[in-house]
Amino acid sequence: MGRKKSPVSEGILKGEFFMSGDIACAEGALSAGCRFFAGYPITPATEIAERMAERMPQLGGVYIQMEDEIASMNAVLGASWGGLRAMTATSGPGFSLMMENLGLGIMTETPCVLVNVQRGGPSTGLPTLVGQGDMMQARWGTHGVYEIIALSPSSPQEFFDLTVRAFNLAEKYRIPVLVMADEVVGHMTERVVIPEEVPYFPRRKPNFPPGDYSSFQPGEDLIPPMANAGEGYHIHVTGLTHDERGYPVTDEITQERLVRRLVEKIRGYKKDIIILEEKGVEGAEVVVCSYGISARVGLWAVELARREGIKAGMLRLLTVWPFPQERIREVASKVKAFVVPEINYGQIALEVERSTGGRAEVIPISHMGGGLYEPEDILKAIRKAAR
Amino acid sequence: MSQVEKPTVVPLEHPRESLLREERLPHIWCSGCGIGTALNCFIGALERSGLPLDKVAIVSGIGCTGRAAGYIKLDSFHTTHGRAIPFATGLRLANPELKVVIFSGDGDLIAIGGNHFIHAARRNIDMTVICVNNFNYGMTGGQAGPTTPAMAKTATSPYGNSEHPFNLPYLAAASGAVYVARWTTLHVRRLERALTEALLKEGFSFVEVISPCPTYFDRMNRLGEGLDMMKFYRESSEIAHGLDPRKADIDLGGKIIVGKFIDIEKPTYLDFQQEIQARMEGEPS
């Protein structure tokens, strides 16, 4: 048939590679055991889908291109209940279409991963150019009361690592996990090291027979074990407010019990979920707080400032949601100011400001998208804040 | 004292008990509604089909019919409005041992979910789609939908509907379904047989169930109560197996063509996937 095999066709990759962020994301998912991908072509995330289309059949997994992103998100939820680790990848317009059923995933506690390689918006915006304008949508994009987990990589290596982490957090906390990358990280090509083994948190399975099982009866850790379809448990799963059996009970008491638990099961484990990278924060007067590609430019600015003798530090958010407000507050009492560069008009900057409780100044550095700052832009703000 | 023989006490037991979540009854459906009949026929078909029931999953969307998933004692998923089919697609492809059945209404499957419906049929994904068509949105109070006949009155077409309805068997067939049938809730035995055939059919099978909605559609169009609707179905149904489904349009108060329209063989999505897999394995590296 003349179908050319990729040199990496056999099994899971191991070793050192030179690959783009999007490809690293796909390989991270495969290493993490993802065997179902549903998606719809969209720049700048298409390479993830293309890689999955090539790789899934090699690994006995499923790639399906759905009719739109609404369908993709739903197919991912269905596949998770079918027992596979499942993901989709998209960008702004598709992310908007996925919002309703991201909510279904949260309400039904369905582990899965949703990758957003952000581009400039709103609307069709800048299909091929960078943006970070979806950070608040990640937090609040679906309706109702909830907590979410969102990670943000700054390099192809981290896109790999955080995709693996996203799958494990999804299973551990039974929630869709968002990987909020951006066009630059998605398209830049760098060295990526794929380890022999990656961490693996298996699905929490019920350890009792079908008769005694209530699909949404949580353990003491607030997280219920999950029986898949076809295992004889006769589960009922609904997006309606439901009791521990999974049956709809649409009243105030059930809503309080269910939704409070869905929020607390994330808030209560922030220490486990949140990872930050700090460089020179102790003893700093000015701290740059950022994520994704903006953090890399920010770090360069911090180094330039330190060369000038300014006590500058870097606090990088690898986990953006839940927000590390406790750490920001702690740092706020020791520094003059935070400088927050991001490719939007101030989204995470507002969270930083809220978290400081007025203890330190917060200087947003805004960029509407389509490009990056010069380190000099950030350096100017650091100098001003240090004065 | 004369000895009176005590009558034998027969415990009340629903004949479909084994497949209903009894603790969830009574159901929400109105008196005279046809959804219960459709569900009853479906459960009968499930039993007749001989399918291993632990491997059957029911997926519904939102609406009156969408509540069916919540009453069936099998793995059951009540998803968002219109999205039962893509959810079921993921479920089916992730676990090919599962028989996946979508049980939902006309508004859910054909309006908000219409795109998913045609694409699942086109892909010939292995699933059975049962659409209870009552010509309006019952759950929200009887609004017009994609199957509401032209000139019919509903809560949102108080002077008459100025849109043409979809002819569902024609839509399904044109989109690629390999099995297409339509029956009314009067035709319980034929409906149960059609549902059994659909369940056992490889590929995308579709059964439309014409149902009364005495509370909204039938009242607003002065068609009568539930029993009147049964009489109407008896008088105006015309069985036409094998008919070209484009001739199966439904007009307000007009005849209802029922029967099995399509029953063909075609490779399914998974058949193609298996062929690709076999080719890849047969290829020298």
# chains A, B, ... in the order shown; residues from 1 in each chain; ligands from 1
>>> select_by_dssp(residues="segment 207-345 of chain A", states="strand (DSSP E or B)", output="ChimeraX atom specification")
/A:236-238,242,248,276-279,286-290,312-317,319-321,337-342
>>> residues_around(residues="Ser123 of chain A", least_positions_apart="4", cutoff="10 Å", atoms="only C-alpha atoms", output="PyMOL selection string")
chain A and resi 92-93+96+127
>>> write_last_selection(atoms="C-alpha atoms", output="PDB file, in the first residue's frame")
ATOM      1  CA  GLY A  92      -9.735  29.576  21.162  1.00  0.00           C
ATOM      2  CA  PRO A  93     -12.854  29.088  18.986  1.00  0.00           C
ATOM      3  CA  SER A  96     -15.380  28.127  23.434  1.00  0.00           C
ATOM      4  CA  PRO A 127      -5.303  31.865  13.985  1.00  0.00           C
TER       5      PRO A 127
END
>>> interface_residues(of="chain A", to="chain B", cutoff="6 Å", atoms="only C-alpha atoms", output="ChimeraX atom specification")
/A:71,74-76,78-79,82,229-230,232,234-239
>>> write_last_selection(atoms="C-alpha atoms", output="mmCIF file, in the first residue's frame")
data_model
loop_
_atom_site.group_PDB
_atom_site.id
_atom_site.type_symbol
_atom_site.label_atom_id
_atom_site.label_comp_id
_atom_site.auth_asym_id
_atom_site.auth_seq_id
_atom_site.Cartn_x
_atom_site.Cartn_y
_atom_site.Cartn_z
ATOM 1 C CA ALA A 71 -18.696 16.539 19.508
ATOM 2 C CA ASN A 74 -18.375 14.686 24.252
ATOM 3 C CA ALA A 75 -16.597 11.814 22.541
ATOM 4 C CA VAL A 76 -13.734 12.268 25.001
ATOM 5 C CA GLY A 78 -17.789 8.975 26.492
ATOM 6 C CA ALA A 79 -14.417 7.328 25.874
ATOM 7 C CA GLY A 82 -15.601 3.436 28.201
ATOM 8 C CA ALA A 229 -19.518 1.167 31.429
ATOM 9 C CA GLY A 230 -19.634 -2.562 30.733
ATOM 10 C CA GLY A 232 -21.738 -4.802 35.420
ATOM 11 C CA HIS A 234 -25.229 -0.446 35.976
ATOM 12 C CA ILE A 235 -24.079 3.055 36.687
ATOM 13 C CA HIS A 236 -26.219 6.094 36.083
ATOM 14 C CA VAL A 237 -24.415 9.256 35.107
ATOM 15 C CA THR A 238 -26.189 12.577 34.643
ATOM 16 C CA GLY A 239 -25.363 16.240 34.239
#
>>> residues_around(residues="segment 38-43 of chain A", least_positions_apart="2", cutoff="9 Å", atoms="only C-alpha atoms", output="ChimeraX atom specification")
/A:36,45-47,49-50,62-69,71-76,86-94,117,119,127-128,183 /B:90
>>> write_last_selection(atoms="C-alpha atoms", output="PDB file, in the first residue's frame")
ATOM      1  CA  PHE A  36      -8.336   7.946  22.701  1.00  0.00           C
ATOM      2  CA  ALA A  45      -3.288  22.833  17.705  1.00  0.00           C
ATOM      3  CA  THR A  46      -3.730  20.780  14.524  1.00  0.00           C
ATOM      4  CA  GLU A  47      -0.299  19.164  14.805  1.00  0.00           C
ATOM      5  CA  ALA A  49      -4.364  15.843  16.105  1.00  0.00           C
ATOM      6  CA  GLU A  50      -2.180  14.905  13.134  1.00  0.00           C
ATOM      7  CA  VAL A  62      -8.406   5.408  18.765  1.00  0.00           C
ATOM      8  CA  TYR A  63      -8.143   8.631  16.796  1.00  0.00           C
ATOM      9  CA  ILE A  64     -11.382  10.107  15.535  1.00  0.00           C
ATOM     10  CA  GLN A  65     -11.978  13.408  13.855  1.00  0.00           C
ATOM     11  CA  MET A  66     -15.367  14.616  14.937  1.00  0.00           C
ATOM     12  CA  GLU A  67     -17.723  17.037  13.188  1.00  0.00           C
ATOM     13  CA  ASP A  68     -16.896  19.884  15.571  1.00  0.00           C
ATOM     14  CA  GLU A  69     -15.376  20.629  18.956  1.00  0.00           C
ATOM     15  CA  ALA A  71     -18.696  16.539  19.508  1.00  0.00           C
ATOM     16  CA  SER A  72     -14.985  16.125  20.264  1.00  0.00           C
ATOM     17  CA  MET A  73     -15.408  17.038  23.915  1.00  0.00           C
ATOM     18  CA  ASN A  74     -18.375  14.686  24.252  1.00  0.00           C
ATOM     19  CA  ALA A  75     -16.597  11.814  22.541  1.00  0.00           C
ATOM     20  CA  VAL A  76     -13.734  12.268  25.001  1.00  0.00           C
ATOM     21  CA  ALA A  86      -8.876  10.309  26.585  1.00  0.00           C
ATOM     22  CA  MET A  87      -8.034  13.791  25.388  1.00  0.00           C
ATOM     23  CA  THR A  88      -8.764  16.505  22.872  1.00  0.00           C
ATOM     24  CA  ALA A  89      -6.737  19.506  21.743  1.00  0.00           C
ATOM     25  CA  THR A  90      -7.974  22.793  20.366  1.00  0.00           C
ATOM     26  CA  SER A  91      -7.545  26.562  20.306  1.00  0.00           C
ATOM     27  CA  GLY A  92      -9.735  29.576  21.162  1.00  0.00           C
ATOM     28  CA  PRO A  93     -12.854  29.088  18.986  1.00  0.00           C
ATOM     29  CA  GLY A  94     -12.897  25.360  19.670  1.00  0.00           C
ATOM     30  CA  VAL A 117      -2.914  25.961  22.332  1.00  0.00           C
ATOM     31  CA  ARG A 119      -3.997  32.060  19.827  1.00  0.00           C
ATOM     32  CA  PRO A 127      -5.303  31.865  13.985  1.00  0.00           C
ATOM     33  CA  THR A 128      -1.552  31.551  13.492  1.00  0.00           C
ATOM     34  CA  GLU A 183       1.012  29.132  19.967  1.00  0.00           C
TER      35      GLU A 183
ATOM     36  CA  GLY B  90     -16.626   7.870  22.321  1.00  0.00           C
TER      37      GLY B  90
END
>>> residues_around(residues="Tyr269 of chain A", least_positions_apart="6", cutoff="12 Å", atoms="only C-alpha atoms", output="VMD selection string")
chain A and resid 147 to 149 169 172 to 173 221 to 223 262 to 263 275 321 to 324
>>> select_by_dssp(residues="segment 15-97 of chain A", states="helix (DSSP H, G or I)", output="ChimeraX atom specification")
/A:21-31,46-55,57-59,69-81,92-97
>>> residues_around(residues="segment 282-296 of chain A", least_positions_apart="5", cutoff="6 Å", atoms="only C-alpha atoms", output="PyMOL selection string")
chain A and resi 152-154+311-317+335-340+342
>>> atom_distance(atom1="atom CA of Gly44 of chain B", atom2="atom CA of Asp126 of chain B")
20.6 Å
>>> residues_around(residues="Gly176 of chain B", least_positions_apart="3", cutoff="9 Å", atoms="only C-alpha atoms", output="list in words")
Ile118, His119, Ala120, Ala121, Arg122, Arg123, Asn124, Leu171, Ala172, Ala173 and Phe204 of chain B
